[in-house]
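Printed here is entry.csv (CSV, C-alpha atoms):
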```
chain,number,residue,atom,x,y,z
A,6,MET,CA,-12.1,-33.6,25.5
A,7,ALA,CA,-8.7,-33.6,23.9
A,8,ILE,CA,-5.9,-31.3,25.1
A,9,GLU,CA,-6.1,-29.2,21.9
A,10,ASP,CA,-9.8,-28.8,22.3
A,11,THR,CA,-9.3,-27.5,25.9
A,12,ARG,CA,-6.7,-25.0,24.7
A,13,ASP,CA,-9.0,-23.8,21.9
A,14,LYS,CA,-11.9,-23.4,24.4
A,15,ILE,CA,-9.7,-21.4,26.8
A,16,LEU,CA,-8.5,-19.2,23.9
A,17,SER,CA,-12.1,-18.7,22.7
A,18,VAL,CA,-13.4,-17.7,26.2
A,19,ALA,CA,-10.3,-15.5,26.8
A,20,ASN,CA,-10.8,-13.7,23.5
A,21,LYS,CA,-14.4,-12.9,24.4
A,22,LEU,CA,-13.6,-11.7,27.9
A,23,PHE,CA,-10.6,-9.7,27.0
A,24,SER,CA,-12.5,-8.1,24.1
A,25,ARG,CA,-15.4,-7.2,26.4
A,26,PHE,CA,-13.6,-6.1,29.6
A,27,GLY,CA,-10.0,-5.5,28.6
A,28,PHE,CA,-6.8,-7.1,29.9
A,29,HIS,CA,-6.7,-5.6,33.3
A,30,LYS,CA,-10.3,-6.4,34.3
A,31,THR,CA,-10.3,-10.0,33.1
A,32,SER,CA,-9.0,-12.6,35.5
A,33,MET,CA,-7.8,-16.1,35.0
A,34,ASP,CA,-10.4,-17.2,37.5
A,35,GLU,CA,-13.2,-15.7,35.3
A,36,ILE,CA,-11.7,-17.4,32.2
A,37,ALA,CA,-11.5,-20.8,34.0
A,38,LYS,CA,-15.1,-20.4,35.3
A,39,ILE,CA,-16.7,-19.5,32.0
A,40,ALA,CA,-14.6,-22.1,30.1
A,41,ARG,CA,-15.6,-24.7,32.7
A,42,LYS,CA,-12.0,-25.7,33.2
A,43,ALA,CA,-9.9,-26.0,36.3
A,44,LYS,CA,-7.6,-23.0,36.7
A,45,GLY,CA,-4.7,-25.5,36.5
A,46,SER,CA,-5.8,-26.2,32.9
A,47,LEU,CA,-5.2,-22.6,32.0
A,48,TYR,CA,-1.8,-22.7,33.5
A,49,TYR,CA,-1.0,-26.0,31.8
A,50,HIS,CA,-1.5,-24.3,28.4
A,51,PHE,CA,-0.4,-20.7,29.3
A,52,ALA,CA,2.2,-19.8,31.8
A,53,SER,CA,0.4,-16.5,32.7
A,54,LYS,CA,-2.4,-14.2,31.9
A,55,GLU,CA,0.1,-12.2,29.8
A,56,ASP,CA,0.9,-15.3,27.8
A,57,LEU,CA,-2.7,-16.1,27.2
A,58,PHE,CA,-3.4,-12.5,26.1
A,59,LYS,CA,-0.4,-12.5,23.8
A,60,GLU,CA,-1.8,-15.7,22.2
A,61,VAL,CA,-5.2,-14.1,21.7
A,62,VAL,CA,-3.7,-11.0,20.1
A,63,SER,CA,-1.4,-13.2,18.1
A,64,THR,CA,-4.4,-15.0,16.7
A,65,GLU,CA,-5.9,-11.6,15.6
A,66,LEU,CA,-2.6,-10.7,13.9
A,67,ILE,CA,-2.5,-14.1,12.2
A,68,ASN,CA,-5.9,-13.4,10.7
A,69,LEU,CA,-4.7,-10.0,9.6
A,70,LYS,CA,-1.6,-11.5,7.9
A,71,SER,CA,-3.7,-14.1,6.2
A,72,GLN,CA,-6.1,-11.6,4.8
A,73,LEU,CA,-3.3,-9.3,3.6
A,74,SER,CA,-1.4,-12.1,2.0
A,75,ILE,CA,-4.4,-12.9,-0.2
A,76,ILE,CA,-4.1,-9.4,-1.6
A,77,ILE,CA,-0.4,-9.5,-2.1
A,78,ASP,CA,-0.7,-12.8,-4.0
A,79,ASP,CA,-3.5,-11.6,-6.2
A,80,THR,CA,-1.9,-11.5,-9.7
A,81,ASP,CA,-5.0,-9.9,-11.3
A,82,LEU,CA,-4.6,-6.6,-9.3
A,83,SER,CA,-2.5,-3.7,-10.4
A,84,ALA,CA,0.0,-2.2,-7.9
A,85,SER,CA,-2.3,0.7,-7.1
A,86,GLY,CA,-5.3,-1.6,-6.8
A,87,LYS,CA,-3.3,-3.8,-4.4
A,88,MET,CA,-2.2,-0.8,-2.4
A,89,LYS,CA,-5.7,0.5,-2.0
A,90,LYS,CA,-7.2,-2.9,-1.2
A,91,TYR,CA,-4.3,-3.7,1.2
A,92,LEU,CA,-4.7,-0.5,3.2
A,93,ILE,CA,-8.5,-0.7,3.3
A,94,LYS,CA,-8.5,-4.4,4.3
A,95,ARG,CA,-5.9,-3.7,7.0
A,96,MET,CA,-8.1,-1.1,8.6
A,97,GLU,CA,-11.2,-3.3,8.3
A,98,VAL,CA,-9.6,-6.3,9.9
A,99,LEU,CA,-8.0,-4.3,12.7
A,100,ASN,CA,-11.3,-2.6,13.4
A,101,ASP,CA,-12.7,-5.9,14.4
A,102,ALA,CA,-9.6,-6.9,16.4
A,103,ALA,CA,-10.7,-5.7,19.8
A,104,ASN,CA,-7.8,-7.2,21.7
A,105,TYR,CA,-5.3,-5.6,19.4
A,106,HIS,CA,-7.0,-2.3,20.4
A,107,GLU,CA,-6.1,-3.0,24.0
A,108,THR,CA,-2.4,-3.1,23.0
A,109,LEU,CA,-2.8,0.4,21.6
A,110,LYS,CA,-3.5,1.9,25.0
A,111,ALA,CA,-0.5,3.8,26.2
A,112,ASP,CA,-0.5,2.5,29.7
A,113,PHE,CA,-0.4,-1.1,28.5
A,114,PHE,CA,3.1,-0.7,27.0
A,115,GLU,CA,4.5,0.4,30.3
A,116,HIS,CA,3.7,-3.0,31.8
A,117,PHE,CA,4.0,-5.6,29.1
A,118,HIS,CA,6.9,-5.5,26.6
A,119,PHE,CA,5.8,-8.7,24.8
A,120,ILE,CA,3.3,-6.7,22.8
A,121,ASP,CA,6.1,-4.7,21.4
A,122,ASP,CA,7.5,-7.9,19.9
A,123,LEU,CA,4.2,-8.7,18.2
A,124,ARG,CA,3.8,-5.2,16.8
A,125,ASN,CA,7.4,-5.1,15.6
A,126,GLU,CA,6.9,-8.5,13.8
A,127,LEU,CA,3.8,-7.1,12.2
A,128,ASP,CA,5.7,-3.9,11.1
A,129,GLU,CA,8.4,-6.0,9.4
A,130,LEU,CA,5.9,-8.1,7.6
A,131,GLU,CA,4.0,-5.1,6.4
A,132,LYS,CA,7.2,-3.5,5.2
A,133,GLU,CA,7.9,-6.6,3.1
A,134,ASN,CA,4.3,-6.6,1.8
A,135,LEU,CA,4.4,-2.9,0.9
A,136,LYS,CA,7.8,-3.2,-0.7
A,137,LYS,CA,6.4,-6.0,-3.0
A,138,ILE,CA,3.5,-3.8,-4.0
A,139,ILE,CA,5.7,-0.8,-4.7
A,140,ASN,CA,8.3,-2.8,-6.6
A,141,GLN,CA,5.4,-4.3,-8.7
A,142,GLY,CA,4.3,-0.7,-9.5
A,143,VAL,CA,7.8,0.4,-10.4
A,144,GLU,CA,8.3,-2.6,-12.6
A,145,THR,CA,5.1,-2.0,-14.5
A,146,GLY,CA,5.7,1.7,-14.7
A,147,GLU,CA,2.7,2.5,-12.5
A,148,PHE,CA,4.9,4.0,-9.8
A,149,MET,CA,8.0,6.1,-10.1
A,150,PRO,CA,11.3,4.6,-8.9
A,151,ILE,CA,11.9,5.1,-5.2
A,152,ALA,CA,15.2,6.6,-4.2
A,153,ASP,CA,15.1,5.4,-0.6
A,154,MET,CA,12.7,2.5,-0.2
A,155,GLU,CA,13.4,2.0,3.6
A,156,VAL,CA,12.5,5.6,4.4
A,157,LEU,CA,9.3,5.4,2.4
A,158,LEU,CA,8.4,2.1,4.1
A,159,ASP,CA,9.0,3.5,7.5
A,160,VAL,CA,6.8,6.5,6.7
A,161,PHE,CA,4.0,4.2,5.5
A,162,ILE,CA,4.2,2.2,8.7
A,163,MET,CA,4.2,5.4,10.8
A,164,VAL,CA,1.1,6.8,8.9
A,165,MET,CA,-0.8,3.5,9.3
A,166,LYS,CA,0.0,3.2,13.0
A,167,GLY,CA,-0.8,6.9,13.5
A,168,LEU,CA,-4.3,6.2,12.3
A,169,GLU,CA,-4.9,3.4,14.7
A,170,ILE,CA,-5.5,5.5,17.8
A,171,PRO,CA,-8.1,7.8,16.4
A,172,PHE,CA,-9.8,5.0,14.4
A,173,PHE,CA,-9.9,2.3,17.0
A,174,LEU,CA,-9.7,4.0,20.4
A,175,GLN,CA,-11.4,7.3,19.7
A,176,GLY,CA,-14.2,5.6,17.6
A,177,LYS,CA,-13.6,7.6,14.3
A,178,TYR,CA,-13.3,4.5,12.1
A,179,THR,CA,-17.0,4.5,11.1
A,180,LYS,CA,-17.0,8.2,10.3
A,181,TYR,CA,-14.0,8.0,8.0
A,182,ALA,CA,-14.4,4.4,6.5
A,183,PRO,CA,-16.6,5.6,3.6
A,184,HIS,CA,-13.8,8.0,2.5
A,185,PHE,CA,-11.0,5.4,2.5
A,186,GLU,CA,-11.2,4.7,-1.2
A,187,GLY,CA,-10.6,8.4,-2.0
A,188,LEU,CA,-7.8,8.8,0.5
A,189,MET,CA,-6.1,5.7,-0.9
A,190,SER,CA,-6.3,7.2,-4.4
A,191,ILE,CA,-4.4,10.3,-3.2
A,192,LEU,CA,-1.8,8.0,-1.8
A,193,THR,CA,-1.4,5.9,-4.9
A,194,LYS,CA,-1.3,8.9,-7.2
A,195,GLY,CA,1.5,10.2,-5.0
A,196,LEU,CA,3.5,7.1,-5.7
A,197,ALA,CA,2.8,7.5,-9.4
```
Can you dump the structure from the file as structure tokens?
Amino acid sequence: MAIEDTRDKILSVANKLFSRFGFHKTSMDEIAKIARKAKGSLYYHFASKEDLFKEVVSTELINLKSQLSIIIDDTDLSASGKMKKYLIKRMEVLNDAANYHETLKADFFEHFHFIDDLRNELDELEKENLKKIINQGVETGEFMPIADMEVLLDVFIMVMKGLEIPFFLQGKYTKYAPHFEGLMSILTKGLA
């Protein structure tokens, strides 16, 4: 088996175990055993359990970024259509990102600061994406001009992140998902 195949196998097994048992209850020994790899193979590819977990979460975020960029690049959608679709798709993808949920747990931040870097990188990307959508809406007359774009973008990020804990850790996503379209309409009408 090639080196890259070994790495992919480790990531796949780690993803499943971290998703099922969480970061703290998953050991490198378990990952090695289920992946049928020597523990040394894990440490050849990943310096620590934290590095392995970071890579697993990073893969989930790459999926999110990919899905969102499709919406941003869609020239057939109006700005309000993009905004609705973007925010709904964001929540759908993150709902399935079980390892990302682990990063939301407050006690996790106290121990591993590398997750802050991943989240900050995502925040910056999302600000760029939202700015593109809002600027499109302003250019087409769909949205009113924004006096302080940076403040608006910061508030958007705070609102989206504020929804993550109740949706993904408290299990309220399923209850509110059918109402996302209406909630997004309120948001886009506010921009107009």
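Nearest to Asn20 in chain A of all the residues A:Ser71, A:Ser32, A:Asn104, A:Thr179 is A:Asn104, based on all atoms listed in the file.
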Write out, as JSON lines, each residue of range 149-189 of chain A that has an atom at most 10 Å from range 130-144 of chain A, together with the closest pair of atoms and their distance in Å to one decimal, counting only C-alpha atoms, rows going by chain and rising number.
```
{"residue": "A:Met149", "atom": "CA", "partner": "A:Val143", "partner_atom": "CA", "distance": 5.7}
{"residue": "A:Pro150", "atom": "CA", "partner": "A:Val143", "partner_atom": "CA", "distance": 5.7}
{"residue": "A:Ile151", "atom": "CA", "partner": "A:Val143", "partner_atom": "CA", "distance": 8.1}
{"residue": "A:Met154", "atom": "CA", "partner": "A:Lys136", "partner_atom": "CA", "distance": 7.5}
{"residue": "A:Glu155", "atom": "CA", "partner": "A:Lys132", "partner_atom": "CA", "distance": 8.4}
{"residue": "A:Leu157", "atom": "CA", "partner": "A:Lys136", "partner_atom": "CA", "distance": 9.3}
{"residue": "A:Leu158", "atom": "CA", "partner": "A:Lys132", "partner_atom": "CA", "distance": 5.8}
{"residue": "A:Asp159", "atom": "CA", "partner": "A:Lys132", "partner_atom": "CA", "distance": 7.6}
{"residue": "A:Phe161", "atom": "CA", "partner": "A:Lys132", "partner_atom": "CA", "distance": 8.3}
{"residue": "A:Ile162", "atom": "CA", "partner": "A:Lys132", "partner_atom": "CA", "distance": 7.3}
```
Those same residues - C-alpha atoms - I'd like them written as a compact mmCIF listing (two decimals), keeping the file's coordinate frame.
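File written: part.txt
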```txt
# COMPACT_ATOMS: atom_id res chain seq x y z
CA MET A 149 8.00 6.10 -10.10
CA PRO A 150 11.30 4.60 -8.90
CA ILE A 151 11.90 5.10 -5.20
CA MET A 154 12.70 2.50 -0.20
CA GLU A 155 13.40 2.00 3.60
CA LEU A 157 9.30 5.40 2.40
CA LEU A 158 8.40 2.10 4.10
CA ASP A 159 9.00 3.50 7.50
CA PHE A 161 4.00 4.20 5.50
CA ILE A 162 4.20 2.20 8.70
```
Q: Compile the contact shell of Lys87 in chain A as a VMD selection string: residues with an atom at most 10 Å away, counting all atoms listed in the file, same-chain residues fewer than 3 positions apart removed.
A: chain A and resid 73 76 to 84 90 to 93 135 138 to 139 141 to 142 193
Those same residues - C-alpha atoms - I'd like them written as a CSV table (one decimal), in the frame of the given file.
```
chain,number,residue,atom,x,y,z
A,73,LEU,CA,-3.3,-9.3,3.6
A,76,ILE,CA,-4.1,-9.4,-1.6
A,77,ILE,CA,-0.4,-9.5,-2.1
A,78,ASP,CA,-0.7,-12.8,-4.0
A,79,ASP,CA,-3.5,-11.6,-6.2
A,80,THR,CA,-1.9,-11.5,-9.7
A,81,ASP,CA,-5.0,-9.9,-11.3
A,82,LEU,CA,-4.6,-6.6,-9.3
A,83,SER,CA,-2.5,-3.7,-10.4
A,84,ALA,CA,0.0,-2.2,-7.9
A,90,LYS,CA,-7.2,-2.9,-1.2
A,91,TYR,CA,-4.3,-3.7,1.2
A,92,LEU,CA,-4.7,-0.5,3.2
A,93,ILE,CA,-8.5,-0.7,3.3
A,135,LEU,CA,4.4,-2.9,0.9
A,138,ILE,CA,3.5,-3.8,-4.0
A,139,ILE,CA,5.7,-0.8,-4.7
A,141,GLN,CA,5.4,-4.3,-8.7
A,142,GLY,CA,4.3,-0.7,-9.5
A,193,THR,CA,-1.4,5.9,-4.9
```
Contacts of range 36-115 of chain A with range 28-31 of chain A up to 12 Å, shortest pair per row, all atoms listed in the file, as CSV:
```
residue,atom,partner,partner_atom,distance
A:Ile36,CA,A:Thr31,CA,7.6
A:Ala37,CA,A:Thr31,CA,10.9
A:Lys38,CA,A:Thr31,CA,11.7
A:Ile39,CA,A:Thr31,CA,11.5
A:Lys54,CA,A:Phe28,CA,8.6
A:Glu55,CA,A:Phe28,CA,8.6
A:Asp56,CA,A:Phe28,CA,11.4
A:Leu57,CA,A:Phe28,CA,10.3
A:Phe58,CA,A:Phe28,CA,7.4
A:Lys59,CA,A:Phe28,CA,10.4
A:Val61,CA,A:Phe28,CA,10.9
A:Val62,CA,A:Phe28,CA,11.0
A:Ala103,CA,A:Phe28,CA,10.9
A:Asn104,CA,A:Phe28,CA,8.3
A:Tyr105,CA,A:Phe28,CA,10.7
A:His106,CA,A:Phe28,CA,10.6
A:Glu107,CA,A:Phe28,CA,7.2
A:Thr108,CA,A:Phe28,CA,9.1
A:Leu109,CA,A:Phe28,CA,11.9
A:Lys110,CA,A:Phe28,CA,10.8
A:Asp112,CA,A:His29,CA,10.8
A:Phe113,CA,A:Phe28,CA,8.9
```
**Q.** Shortest interatomic distance to Leu66 in chain A - which of A:Leu123, A:Ile170, A:Ala197, A:Ala40, counting all atoms listed in the file
**A.**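 Nearest candidate to Leu66 in chain A out of A:Leu123, A:Ile170, A:Ala197, A:Ala40: A:Leu123.
Going from CA of Thr145 in chain A to CA of Lys70 in chain A covers 25.2 Å.
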Q.
Counting all atoms listed in the file, which residue out of A:Lys89, A:Lys166, A:Arg95, A:Lys14 sits closest to Glu186 in chain A?
A.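 Using all atoms listed in the file, the shortest distance to Glu186 in chain A belongs to A:Lys89.
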Q: Can you work out which one of A:Ala102, A:Ile67, A:Ile120, A:Ile8 has the shortest atom-to-atom distance to Ser46 in chain A, counting only C-alpha atoms?
A: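 The shortest atom-to-atom distance to Ser46 in chain A comes from A:Ile8.
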Q) At what distance in Å, to one decimal, does CA of Leu69 in chain A lie from CA of Val98 in chain A? A) 6.1 Å
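Among the candidate residues A:Leu196, A:Met88, A:Val156, A:Met163, the one lying nearest to Asn125 in chain A is A:Met163, with distances computed using all atoms listed in the file.
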Q.
So that I can check the surroundings of Arg41 in chain A, please list as a list in words every protein, DNA and RNA residue that reaches within 10 Å of it, counting only C-alpha atoms and ignoring chain neighbours fewer than 6 positions away.
A. Thr11, Lys14, Ile15, Val18 and Glu35 of chain A
